[in-house]
Amino acid sequence: MDLPIKSVPESAGNSGHNARYFIETNSVSYELPAGNSSHKTILKNVTCQARPGELLAIVGPSGAGKSTLLSVLAGAIQPGNVSGRVLVNGREMEASSFSRISGYVTQDDALFPMLTVEETLAYSARFRLGSTLREAILRARALLLQLGLVHVASSRIGGPGTTGISGGERRRVSIGVELVHNPAVLLLDEPTTGLDSASAHLIVAMLKSMAATNGKTVIFTIHQPGFRILELLDRVVLIADGVLRYQGPLSVLQKWLEEGGHVIPPHVNVLEYAMDAMEILTIETHMLGSCRVPYSVLRENREKNKYYYANSPINEVLILAERFAKNMVRTKQVFVARMIQSAVAGLGLGTIFMNADNQQAKVGFFAFSLTFHLSSAVEGLPIFLQERRILMRETSRGAYRVTSYVIANSLVFLPFLFAASILYATPVYWLIGLRREIDNFLFFSLVIWLVMLMANAFVACFGALVPNFIMGNSVIAGLMGSFFLFSGYFISKQNIPRYWIFMHYLSLFKYPFEAFLLNEFGGEKGRKECIQSGKGGCHLTGEMLLRQQGMEESHKWSNLGVMFGFICVYRILSLVILWIRCLKIRR
Ligand SMILES: Nc1ncnc2c1ncn2[C@@H]1O[C@H](COP(=O)(O)OP(=O)(O)OP(=O)(O)O)[C@@H](O)[C@H]1O
């Protein structure tokens with residue numbers, strides 16, 4: 001990643017280079033979906049236009065409906081509750097194809113905290129442009145220059161609990177991620193919020209230059225622009241309480257106000273004045289009829305941006321796997337902590353159980369071992385939720401990206417959990433003195449690996465389903481608890497009431513537990529092993545134990561088969577859930 005910055009091309013995107021887009025809303029109203037506690041109309045008959053080559057600001061007081069109007073213009077709102085029309089070059093907007101020629105920067109930044117600024121932009125380029133690593137880095141470098149981010153190129157993004165770049169820099173990275181394919185339309189929700197006036201001015205000046213020099217249609221929302229920002233705006237859309245109050249150039253607004261007898265104090269800018277006086281003003285909407293760009297000029301650009309996939313399925317999986325692995329390895333709480341935990345648990349449990357002369361203690365060890373591994377998988381939940389949030393933001397191609405993600409995610413966990421299982425199994429197995437044969441040791445390690453993968457797939461599935469961490473944590477903990485209860489360890493299968501027996505078969509605990517018992521007490525030698533002895537000799541042999549558990553006919557490899565089946569089922573379920581979530585994404 002150390003290419004010379006001076007070799008960067010000015011622009012390397014592939015979408016909408018010279019394309020020009022005229023976007024308009026026609027009497028658009030938006031009502032909150034039914035069932036919402038505060039059922040209300042947020043936009044009321046808004047008719048406005050955004051034109052190519054111009055910088056348009058949507059302004060208005062807090063809660064006026066600016067972000068809602070922007071998301072309507074971005075095609076991000078479910079059509080059910082929107083009435084009126086949104087047109088792109090005179091045609092009804094089709095959200096999925098519009099997303100390919102536009103970039104939409106929402107208010108909250110969805111970035112991986114552990115990636116550097118340059119990596120973030122380069123991954124975005126690889127996904128969107130299907131470019132090689134070198135091209136992607138060149139594109140990232142171009143954006144770093146354009147966004148003034150060269151000085152933080154190799155800094156991590158950071159986030160809650162981790163240090164990183166400043167808020168303004170993060171906003172610029174979010175803009176960069178959406179600029180990577182050089183979209184012809186750029187929509188930004190509050191790109192200057194939380195920035196000092198110099199940084200805010202820098203961002204708006206950059207947007208202005210993109211509109212003016214590349215003919216892009218640039219629309220952004222802003223609360224209270226300062227004097228210097230106002231000078232950069234071509235037109236404003238002023239809304240209050242969901243109603244359009246004015247649209248047009250600021251010079252016209254000022255003229256109207258002055259002609260209406262208003263005196264704007266020198267320290268107050270014209271927009272601030274108009275916003276303050278909005279309740280008492282009735283400003284006629286300036287409709288710009290003569291300024292409309294003729295559709296015939298724009299039509300030629302329509303066919304240019306066909307639906308396409310930037311990468312082949314294999315490439316997409318590889319890029320996602322690389323990004324996921326990087327993110328995970330750098331998240332110390334997940335990666336390093338898990339490795340240390342496995343090694344310490346292996347050594348710790350080994351030394352605790354090593355002197356137990358009673359074979360019964362081994363059964364206790366198997367049960368505890370599973371409890372430990374199954375319950376510790378929940379540690380991965382935050383990373384699944386973080387991935388899901390960013391994935392949903394990136395996923396304009398629905399099922400395609402989600403499928404690649406689930407495959408990539410599963411692949412990354414294979415070696416990671418394999419290492420963790422070896423770190424755990426090796427010390428614990430030999431310290432406790434389980435069966436000395438090497439194939440029994442290998443089988444034990446394989447069970448541990450599959451237990452980790454199974455628990456991981458289970459958490460991935462609920463990570464796709466649940467709305468947030470708290471809910472996820474409690475659902476997973478509750479289900480794991482019931483899996484232990486119905487495993488056959490606390491209450492044998494024969495004693496579980498018939499109407500609860502399905503839980504026994506669904507228990508993630510049952511199959512590895514049986515596999516452990518069969519590995520240790522199965523076979524010729526194991527069946528004769530004395531597990532519990534007393535005054536009258538041996539009270540419990542391996543064979544008796546297996547019979548007690550209803551396992552005389554069971555085969556240890558078939559238990560592994562069921563565990564593999566569980567892994568597949570939970571992974572497929574997580575895929576389906578993510579697909580369904582994607583259906584709700586319009587752009
Ligand atoms: N999902 C929702 N549930 C309840 N109220 C909502 C929802 N979405 C928007 N609103 C309400 O609609 C109104 C307009 O919201 P919107 O975010 O568009 O305003 P805004 O002008 O962008 O505000 P701000 O400048 O504070 O971000 C607000 O009163 C907001 O509380």
# chains A, B, ... in the order shown; residues from 1 in each chain; ligands from 1
>>> residues_near_ligand(ligand="ligand 1", cutoff="9 Å", atoms="only C-alpha atoms and all ligand atoms", output="PyMOL selection string")
chain A and resi 32-33+36-43+58-71+107+189-190+221-223+239-242
>>> write_last_selection(atoms="C-alpha atoms", output="compact mmCIF listing (two decimals), in the first residue's frame")
# COMPACT_ATOMS: atom_id res chain seq x y z
CA LEU A 32 -45.16 8.12 9.04
CA PRO A 33 -46.05 4.46 8.65
CA ASN A 36 -45.99 4.72 14.65
CA SER A 37 -46.85 6.29 17.97
CA SER A 38 -46.65 9.81 16.56
CA HIS A 39 -48.70 9.26 13.42
CA LYS A 40 -48.17 12.42 11.39
CA THR A 41 -47.51 13.94 8.01
CA ILE A 42 -43.88 14.99 7.73
CA LEU A 43 -43.82 16.37 4.18
CA ILE A 58 -32.17 22.11 1.87
CA VAL A 59 -32.49 24.38 4.89
CA GLY A 60 -34.97 24.82 7.68
CA PRO A 61 -35.30 24.60 11.44
CA SER A 62 -34.72 21.36 13.34
CA GLY A 63 -37.52 18.87 12.71
CA ALA A 64 -38.67 20.71 9.58
CA GLY A 65 -38.40 17.59 7.42
CA LYS A 66 -35.04 18.23 5.69
CA SER A 67 -33.63 14.74 6.17
CA THR A 68 -36.95 13.20 5.16
CA LEU A 69 -37.04 15.24 1.95
CA LEU A 70 -33.45 14.26 1.20
CA SER A 71 -34.22 10.57 1.69
CA GLN A 107 -26.13 11.56 9.04
CA ASP A 189 -27.47 14.71 5.10
CA GLU A 190 -25.94 17.37 7.35
CA THR A 221 -29.18 19.52 4.15
CA ILE A 222 -27.89 22.10 6.57
CA HIS A 223 -29.19 23.72 9.74
CA ILE A 239 -38.88 24.18 4.45
CA ALA A 240 -40.64 24.50 7.78
CA ASP A 241 -43.00 22.00 9.35
CA GLY A 242 -42.88 19.88 6.20
>>> residues_around(residues="stretch 224-233 of chain A", least_positions_apart="6", cutoff="7 Å", atoms="only C-alpha atoms", output="VMD selection string")
chain A and resid 55 to 57 201 204 to 205 208 269 272
>>> write_last_selection(atoms="C-alpha atoms", output="PDB file, in the first residue's frame")
ATOM      1  CA  LEU A  55     -25.208  23.101  -5.379  1.00  0.00           C
ATOM      2  CA  LEU A  56     -28.607  22.935  -3.689  1.00  0.00           C
ATOM      3  CA  ALA A  57     -29.042  23.294   0.068  1.00  0.00           C
ATOM      4  CA  HIS A 201     -16.586  25.688   4.629  1.00  0.00           C
ATOM      5  CA  VAL A 204     -19.135  22.833   1.097  1.00  0.00           C
ATOM      6  CA  ALA A 205     -16.473  24.399  -1.160  1.00  0.00           C
ATOM      7  CA  LYS A 208     -19.483  23.321  -4.970  1.00  0.00           C
ATOM      8  CA  ASN A 269     -27.675  36.414   7.041  1.00  0.00           C
ATOM      9  CA  GLU A 272     -31.352  33.005   9.168  1.00  0.00           C
TER      10      GLU A 272
END
>>> select_by_dssp(residues="stretch 28-234 of chain A", states="helix (DSSP H, G or I)", output="VMD selection string")
chain A and resid 66 to 73 79 to 81 95 to 101 117 to 129 133 to 147 150 to 152 167 to 179 197 to 214 227 to 230
>>> residues_around(residues="A:Leu434", least_positions_apart="6", cutoff="10 Å", atoms="only C-alpha atoms", output="JSON, numbers by chain")
{"A": [354, 359, 362, 428, 440, 441, 444, 519, 520]}
>>> closest_residue(among="A:Val117, A:Leu347, A:Met339, A:Ala198", to="A:Ala419", atoms="only C-alpha atoms")
A:Met339
>>> select_by_dssp(residues="stretch 84-225 of chain A", states="strand (DSSP E or B)", output="list in words")
Gly84, Arg85, Val86, Leu87, Val88, Arg91, Glu92, Ser102, Gly103, Tyr104, Val105, Thr116, Arg156, Gly159, Thr162, Val185, Leu186, Leu187, Leu188, Thr217, Val218, Ile219, Phe220, Thr221 and Ile222 of chain A
>>> write_last_selection(atoms="C-alpha atoms", output="PDB file, in the first residue's frame")
ATOM      1  CA  GLY A  84     -46.763  12.416  -5.264  1.00  0.00           C
ATOM      2  CA  ARG A  85     -43.963  11.739  -7.742  1.00  0.00           C
ATOM      3  CA  VAL A  86     -40.191  11.790  -7.746  1.00  0.00           C
ATOM      4  CA  LEU A  87     -38.768  12.199 -11.226  1.00  0.00           C
ATOM      5  CA  VAL A  88     -35.255  11.738 -12.553  1.00  0.00           C
ATOM      6  CA  ARG A  91     -39.044   9.721 -15.554  1.00  0.00           C
ATOM      7  CA  GLU A  92     -40.362   8.086 -12.428  1.00  0.00           C
ATOM      8  CA  SER A 102     -25.891   8.517  -6.971  1.00  0.00           C
ATOM      9  CA  GLY A 103     -24.103   8.640  -3.632  1.00  0.00           C
ATOM     10  CA  TYR A 104     -26.119   9.124  -0.447  1.00  0.00           C
ATOM     11  CA  VAL A 105     -24.262  10.142   2.715  1.00  0.00           C
ATOM     12  CA  THR A 116      -7.463   2.962   8.164  1.00  0.00           C
ATOM     13  CA  ARG A 156      -7.544   4.142  11.944  1.00  0.00           C
ATOM     14  CA  GLY A 159     -15.075   4.747  17.181  1.00  0.00           C
ATOM     15  CA  THR A 162     -11.067   3.322  20.285  1.00  0.00           C
ATOM     16  CA  VAL A 185     -25.709  12.838  -8.134  1.00  0.00           C
ATOM     17  CA  LEU A 186     -24.570  13.370  -4.573  1.00  0.00           C
ATOM     18  CA  LEU A 187     -26.962  13.659  -1.626  1.00  0.00           C
ATOM     19  CA  LEU A 188     -25.602  14.478   1.825  1.00  0.00           C
ATOM     20  CA  THR A 217     -26.236  17.380  -9.037  1.00  0.00           C
ATOM     21  CA  VAL A 218     -25.314  18.043  -5.412  1.00  0.00           C
ATOM     22  CA  ILE A 219     -27.966  18.307  -2.710  1.00  0.00           C
ATOM     23  CA  PHE A 220     -27.290  18.623   0.999  1.00  0.00           C
ATOM     24  CA  THR A 221     -29.177  19.522   4.153  1.00  0.00           C
ATOM     25  CA  ILE A 222     -27.886  22.102   6.569  1.00  0.00           C
TER      26      ILE A 222
END
>>> closest_residue(among="A:Ala420, A:Leu318, A:Val82, A:Leu73", to="A:Val336", atoms="only C-alpha atoms")
A:Ala420
>>> closest_residue(among="A:Trp557, A:Phe384, A:Phe484, A:Tyr499", to="A:Asn327", atoms="only C-alpha atoms")
A:Phe384
